[in-house]
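Text of the file run31.cif, holding mmCIF, C-alpha atoms:
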data_coords
loop_
_atom_site.label_atom_id
_atom_site.label_comp_id
_atom_site.auth_asym_id
_atom_site.auth_seq_id
_atom_site.Cartn_x
_atom_site.Cartn_y
_atom_site.Cartn_z
CA MET A 1 0.00 0.00 0.00
CA TYR A 2 1.31 3.44 -0.85
CA ILE A 3 0.59 6.95 0.33
CA VAL A 4 2.59 10.16 0.48
CA ILE A 5 4.66 10.99 3.56
CA ILE A 6 3.89 14.54 4.70
CA SER A 7 5.27 16.20 7.81
CA ASP A 8 2.26 18.50 8.36
CA THR A 9 -0.35 16.43 10.25
CA ASP A 10 -3.33 18.42 8.92
CA MET A 11 -2.09 18.00 5.34
CA TYR A 12 -1.50 14.30 6.04
CA SER A 13 -5.11 13.81 7.20
CA ARG A 14 -6.47 15.86 4.27
CA ASN A 15 -4.55 13.67 1.82
CA PHE A 16 -6.13 10.57 3.34
CA GLU A 17 -9.49 12.27 2.83
CA VAL A 18 -8.63 12.97 -0.82
CA VAL A 19 -7.43 9.47 -1.71
CA ASN A 20 -10.01 7.63 0.43
CA HIS A 21 -12.64 7.98 -2.29
CA PRO A 22 -13.32 4.87 -4.42
CA VAL A 23 -12.85 6.60 -7.80
CA ARG A 24 -9.78 8.57 -6.71
CA MET A 25 -8.30 5.40 -5.20
CA ARG A 26 -8.80 3.62 -8.54
CA ILE A 27 -7.05 6.50 -10.33
CA PHE A 28 -4.23 6.49 -7.77
CA GLN A 29 -3.76 2.72 -8.11
CA ALA A 30 -3.88 2.90 -11.93
CA LEU A 31 -1.01 5.39 -11.80
CA LEU A 32 1.27 3.38 -9.50
CA HIS A 33 4.40 2.72 -11.58
CA GLU A 34 2.58 4.11 -14.67
CA GLN A 35 2.46 7.35 -16.61
CA LEU A 36 -0.95 7.89 -18.21
CA SER A 37 -2.79 10.76 -19.86
CA ILE A 38 -6.39 11.54 -18.94
CA HIS A 39 -7.55 9.80 -22.13
CA GLN A 40 -5.50 6.68 -21.33
CA MET A 41 -6.97 6.68 -17.82
CA ALA A 42 -10.46 6.96 -19.34
CA LYS A 43 -9.81 3.74 -21.28
CA ARG A 44 -8.74 1.99 -18.07
CA LEU A 45 -11.71 3.36 -16.12
CA PRO A 46 -14.50 3.36 -18.73
CA ASP A 47 -17.25 3.63 -16.09
CA VAL A 48 -15.94 7.03 -14.91
CA PRO A 49 -17.31 9.91 -17.03
CA LEU A 50 -14.56 12.09 -18.52
CA PRO A 51 -15.61 15.29 -16.68
CA SER A 52 -15.53 13.38 -13.37
CA LEU A 53 -12.14 11.93 -14.25
CA TYR A 54 -10.75 15.44 -14.84
CA ARG A 55 -12.15 16.63 -11.49
CA HIS A 56 -10.74 13.67 -9.55
CA VAL A 57 -7.32 13.94 -11.20
CA LYS A 58 -7.22 17.66 -10.40
CA LYS A 59 -8.08 16.97 -6.76
CA LEU A 60 -5.35 14.29 -6.49
CA HIS A 61 -2.85 16.54 -8.28
CA ASP A 62 -3.68 19.56 -6.07
CA ALA A 63 -3.15 17.36 -2.99
CA GLY A 64 0.28 16.31 -4.26
CA LEU A 65 -0.72 12.66 -4.66
CA LEU A 66 -0.26 12.82 -8.45
CA VAL A 67 2.45 14.64 -10.38
CA VAL A 68 2.88 15.44 -14.05
CA ALA A 69 5.56 12.99 -15.16
CA ALA A 70 5.71 14.08 -18.81
CA THR A 71 4.00 16.30 -21.35
CA ARG A 72 3.45 16.01 -25.08
CA SER A 73 2.14 18.49 -27.61
CA VAL A 74 -0.89 17.21 -29.52
CA ASN A 75 -2.21 19.62 -32.17
CA GLY A 76 -0.79 22.54 -30.20
CA ILE A 77 -2.38 21.40 -26.93
CA GLU A 78 -0.24 20.14 -24.05
CA GLU A 79 -1.20 16.61 -23.03
CA ARG A 80 -0.09 15.72 -19.51
CA TYR A 81 0.95 12.27 -18.31
CA TYR A 82 0.42 11.73 -14.60
CA THR A 83 1.95 9.29 -12.13
CA ALA A 84 1.21 8.55 -8.46
CA VAL A 85 3.54 9.85 -5.76
CA GLN A 86 4.58 6.89 -3.65
CA GLY A 87 5.90 6.55 -0.14
CA LEU A 88 5.40 4.51 2.96
CA ILE A 89 3.03 5.70 5.62
CA ASP A 90 4.76 7.59 8.42
CA PRO A 91 3.86 5.82 11.72
CA ALA A 92 4.55 9.00 13.71
CA GLU A 93 1.59 10.63 11.97
CA LEU A 94 -0.77 7.82 13.03
CA ASP A 95 -0.61 8.64 16.76
CA LYS A 96 -3.64 10.90 16.59
CA SER A 97 -7.07 9.28 16.66
CA GLU A 98 -8.26 11.09 13.51
CA SER A 99 -5.20 9.79 11.64
CA VAL A 100 -5.82 6.24 12.88
CA ASP A 101 -9.43 6.42 11.69
CA ALA A 102 -8.36 7.87 8.33
CA PHE A 103 -5.72 5.14 7.95
CA ALA A 104 -8.28 2.42 8.80
CA GLU A 105 -10.57 3.85 6.12
CA HIS A 106 -7.59 3.98 3.72
CA VAL A 107 -6.91 0.26 4.27
CA SER A 108 -10.59 -0.50 3.70
CA VAL A 109 -10.96 1.56 0.50
CA TYR A 110 -7.61 0.39 -0.91
CA GLY A 111 -8.51 -3.27 -0.33
CA MET A 112 -12.02 -2.81 -1.72
CA VAL A 113 -10.67 -1.29 -4.94
CA VAL A 114 -8.15 -4.14 -5.35
CA ALA A 115 -10.89 -6.75 -4.78
CA GLN A 116 -13.15 -4.99 -7.31
CA ALA A 117 -10.35 -5.06 -9.90
CA ALA A 118 -9.94 -8.83 -9.37
CA ALA A 119 -13.70 -9.32 -9.69
CA GLN A 120 -13.74 -7.27 -12.92
CA TYR A 121 -10.94 -9.47 -14.29
CA VAL A 122 -13.03 -12.60 -13.60
CA SER A 123 -16.16 -10.99 -15.10
CA ARG A 124 -14.36 -9.94 -18.28
CA ARG A 125 -12.87 -13.40 -18.72
CA GLY A 126 -16.22 -15.09 -18.26
CA GLU A 127 -14.52 -17.95 -16.40
CA PRO A 128 -12.60 -18.27 -13.12
CA ASP A 129 -9.12 -18.69 -14.73
CA LEU A 130 -7.69 -20.18 -11.53
CA ASN A 131 -4.19 -20.37 -13.03
CA ASN A 132 -3.98 -16.57 -13.06
CA LEU A 133 -5.89 -15.68 -9.92
CA ALA A 134 -4.68 -16.17 -6.36
CA VAL A 135 -7.17 -15.74 -3.56
CA ARG A 136 -6.08 -17.37 -0.33
CA ASP A 137 -6.74 -16.82 3.34
CA HIS A 138 -4.11 -18.39 5.60
CA PHE A 139 -4.29 -18.50 9.38
CA PHE A 140 -1.21 -19.20 11.49
CA TYR A 141 0.37 -18.51 14.85
CA ALA A 142 3.53 -16.41 14.97
CA THR A 143 5.37 -14.16 17.37
CA GLU A 144 5.92 -10.61 16.19
CA GLU A 145 9.52 -11.53 15.33
CA GLU A 146 8.42 -14.60 13.34
CA PHE A 147 5.80 -12.54 11.55
CA LEU A 148 8.32 -9.82 10.63
CA ARG A 149 10.71 -12.46 9.19
CA LEU A 150 7.89 -13.99 7.14
CA ARG A 151 6.73 -10.58 5.92
CA GLU A 152 10.27 -9.60 4.86
CA ALA A 153 10.74 -12.94 3.03
CA ILE A 154 7.49 -12.41 1.11
CA TYR A 155 8.42 -8.80 0.31
CA ALA A 156 11.85 -9.93 -0.93
CA LEU A 157 10.24 -12.44 -3.31
CA LEU A 158 7.82 -9.80 -4.59
CA GLU A 159 10.62 -7.22 -5.02
CA THR A 160 12.59 -9.75 -7.09
CA ALA A 161 9.54 -10.41 -9.26
CA ALA A 162 9.02 -6.64 -9.68
CA THR A 163 12.48 -6.28 -11.28
CA GLN A 164 11.63 -8.60 -14.17
CA PRO A 165 11.32 -6.57 -17.37
CA PRO A 166 8.42 -6.95 -19.78
CA ALA A 167 9.00 -9.86 -22.19
CA PRO A 168 6.96 -12.09 -24.50
CA GLY A 169 4.63 -14.19 -22.37
CA ARG A 170 4.96 -11.93 -19.33
CA VAL A 171 1.81 -10.15 -18.23
CA LYS A 172 1.75 -7.34 -15.67
CA ARG A 173 0.31 -8.80 -12.47
CA ARG A 174 -0.65 -7.56 -9.03
CA TRP A 175 -0.14 -9.37 -5.74
CA PHE A 176 -1.90 -7.53 -2.94
CA VAL A 177 -0.97 -8.66 0.57
CA VAL A 178 -2.89 -7.92 3.76
CA ALA A 179 -1.76 -9.49 7.00
CA HIS A 180 -2.86 -8.64 10.52
CA PRO A 181 -3.30 -10.20 13.95
CA LEU A 182 -6.76 -11.58 14.57
CA VAL A 183 -8.61 -10.20 17.55
CA ASN A 184 -9.89 -13.01 19.77
CA ASP A 185 -13.03 -12.89 21.93
CA ALA A 186 -11.12 -11.99 25.11
CA GLU A 187 -9.43 -9.06 23.34
CA VAL A 188 -12.77 -7.86 21.98
CA SER A 189 -14.17 -7.88 25.53
CA GLN A 190 -11.18 -5.90 26.85
CA LEU A 191 -11.45 -3.40 23.99
CA SER A 192 -15.13 -2.89 24.80
CA LEU A 193 -14.33 -2.30 28.48
CA LYS A 194 -11.77 0.39 27.58
CA GLU A 195 -14.36 2.35 25.62
#
In structure tokens, what does this structure look like?
Amino acid sequence: MYIVIISDTDMYSRNFEVVNHPVRMRIFQALLHEQLSIHQMAKRLPDVPLPSLYRHVKKLHDAGLLVVAATRSVNGIEERYYTAVQGLIDPAELDKSESVDAFAEHVSVYGMVVAQAAAQYVSRRGEPDLNNLAVRDHFFYATEEEFLRLREAIYALLETAATQPPAPGRVKRRWFVVAHPLVNDAEVSQLSLKE
């Protein structure tokens, strides 16, 4: 998951508010590691009307979440190619309750948009295509140290895969990973007592 690191807490929270919109999240995700014009984005997001796409891109750009990566002159008009600004979330900014709530919403919206993209892939194919789709839910016990080692091993494998250049037979793929401790019944009871 990616978001911009910003030192100003108010700006940080506002940027969560900007990107935590389903259409803007789809635009943001489409521009991760990509440079696309508005018209190219419109082809990727055909259900988003062009005027709405312009408005959402402007909002993301004004917030600093998108930048103009390149321009090209087309019939005397400047065509802009945008890309998403990437960075890890700054844990120091998540100490405030409004930031925690905004981050929780960010995780929810980001995951929802990824799941919708996978569902659209299945719908377009008209068949499950289980060779090219990975949906798994694994449960396991691990200490924090064991979990961190596992997470780093998975990230290392994914980083290696990400360095492979395009080639015949290679298709751009996404592997979205969400891992978290499960809250058991006793913890739920204790959380309720604290509130």
Item to check | Nearest residue to A:Leu150 from the set A:Ala104, A:Ala179, A:Val67, A:Val18 (distances using only C-alpha atoms) | outcome: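 Among A:Ala104, A:Ala179, A:Val67, A:Val18, it is A:Ala179 that comes nearest to A:Leu150.
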Item to check | Residues selected by the PyMOL selection byres ((chain A and resi 48) around 12), written as an MDAnalysis selection string | outcome: chainID A and resid 22:24 26:27 38:39 41:47 49:57
Item to check | Atom-to-atom span, atom CA of A:Arg151 and atom CA of A:Asn20, Å | outcome: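 These two atoms are separated by 25.3 Å.
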Next on the checklist: Need to verify the contact set: A:Met25, 9 Å, all atoms listed in the file, exclusion of same-chain residues closer than 5 positions in sequence. Can you return it as a PyMOL selection string?
Outcome noted: chain A and resi 18-20+30+109-110+113
Item to check | atom CA of A:Phe147 to atom CA of A:Ala134, distance in Å rounded to a single decimal | outcome: 21.1 Å
Determine the axis-aligned bounding box of all atoms of stretch 160-174 of chain A present in the file, pad each side by 4 Å, and express its centre and edge lengths in Å to one decimal place as JSON.
{"center_x": 6.0, "center_y": -10.2, "center_z": -15.8, "size_x": 21.2, "size_y": 15.9, "size_z": 25.4}
Item to check | Point-to-point distance in Å for atom CA of A:His33 and atom CA of A:Ala118 | outcome: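 Calculated distance between atom CA of A:Ala118 and atom CA of A:His33 is 18.5 Å.
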Checklist entry - Out of A:Ala70, A:Lys59, A:Phe28, A:Pro166, which residue has the shortest atom-to-atom distance to A:Ala84 when counting only C-alpha atoms? => result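 Of A:Ala70, A:Lys59, A:Phe28, A:Pro166, the one nearest A:Ala84 is A:Phe28, counting only C-alpha atoms.
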List the residues matched by the PyMOL selection byres ((chain A and resi 181) around 10) in the displayed structure as a short mmCIF file (atom, residue, chain, number, x, y, z; two decimals) with C-alpha atoms, in the coordinates of the input, ordered by chain and then by residue number.
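And here is the file that came out, part.cif:
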data_model
loop_
_atom_site.label_atom_id
_atom_site.label_comp_id
_atom_site.auth_asym_id
_atom_site.auth_seq_id
_atom_site.Cartn_x
_atom_site.Cartn_y
_atom_site.Cartn_z
CA PHE A 139 -4.29 -18.50 9.38
CA PHE A 140 -1.21 -19.20 11.49
CA TYR A 141 0.37 -18.51 14.85
CA ALA A 142 3.53 -16.41 14.97
CA GLU A 144 5.92 -10.61 16.19
CA PHE A 147 5.80 -12.54 11.55
CA ALA A 179 -1.76 -9.49 7.00
CA HIS A 180 -2.86 -8.64 10.52
CA LEU A 182 -6.76 -11.58 14.57
CA VAL A 183 -8.61 -10.20 17.55
CA ASN A 184 -9.89 -13.01 19.77
#
Next on the checklist: Applying 10 Å and all atoms listed in the file, which residues near A:Val177 remain after dropping the ones on its own chain fewer than 2 positions away? List them as a list in words.
Outcome noted: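 So, after excluding close chain neighbours, the residues are Met1, Gly111, Arg151, Ile154, Tyr155, Arg174, Trp175 and Ala179 of chain A.
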Item to check | For A:Glu17, the nearest of the candidates A:Ser73, A:Gln86, A:Ser99, A:Gln35, counting only C-alpha atoms | outcome: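 Going through A:Ser73, A:Gln86, A:Ser99, A:Gln35 one by one, the smallest distance to A:Glu17 is for A:Ser99.
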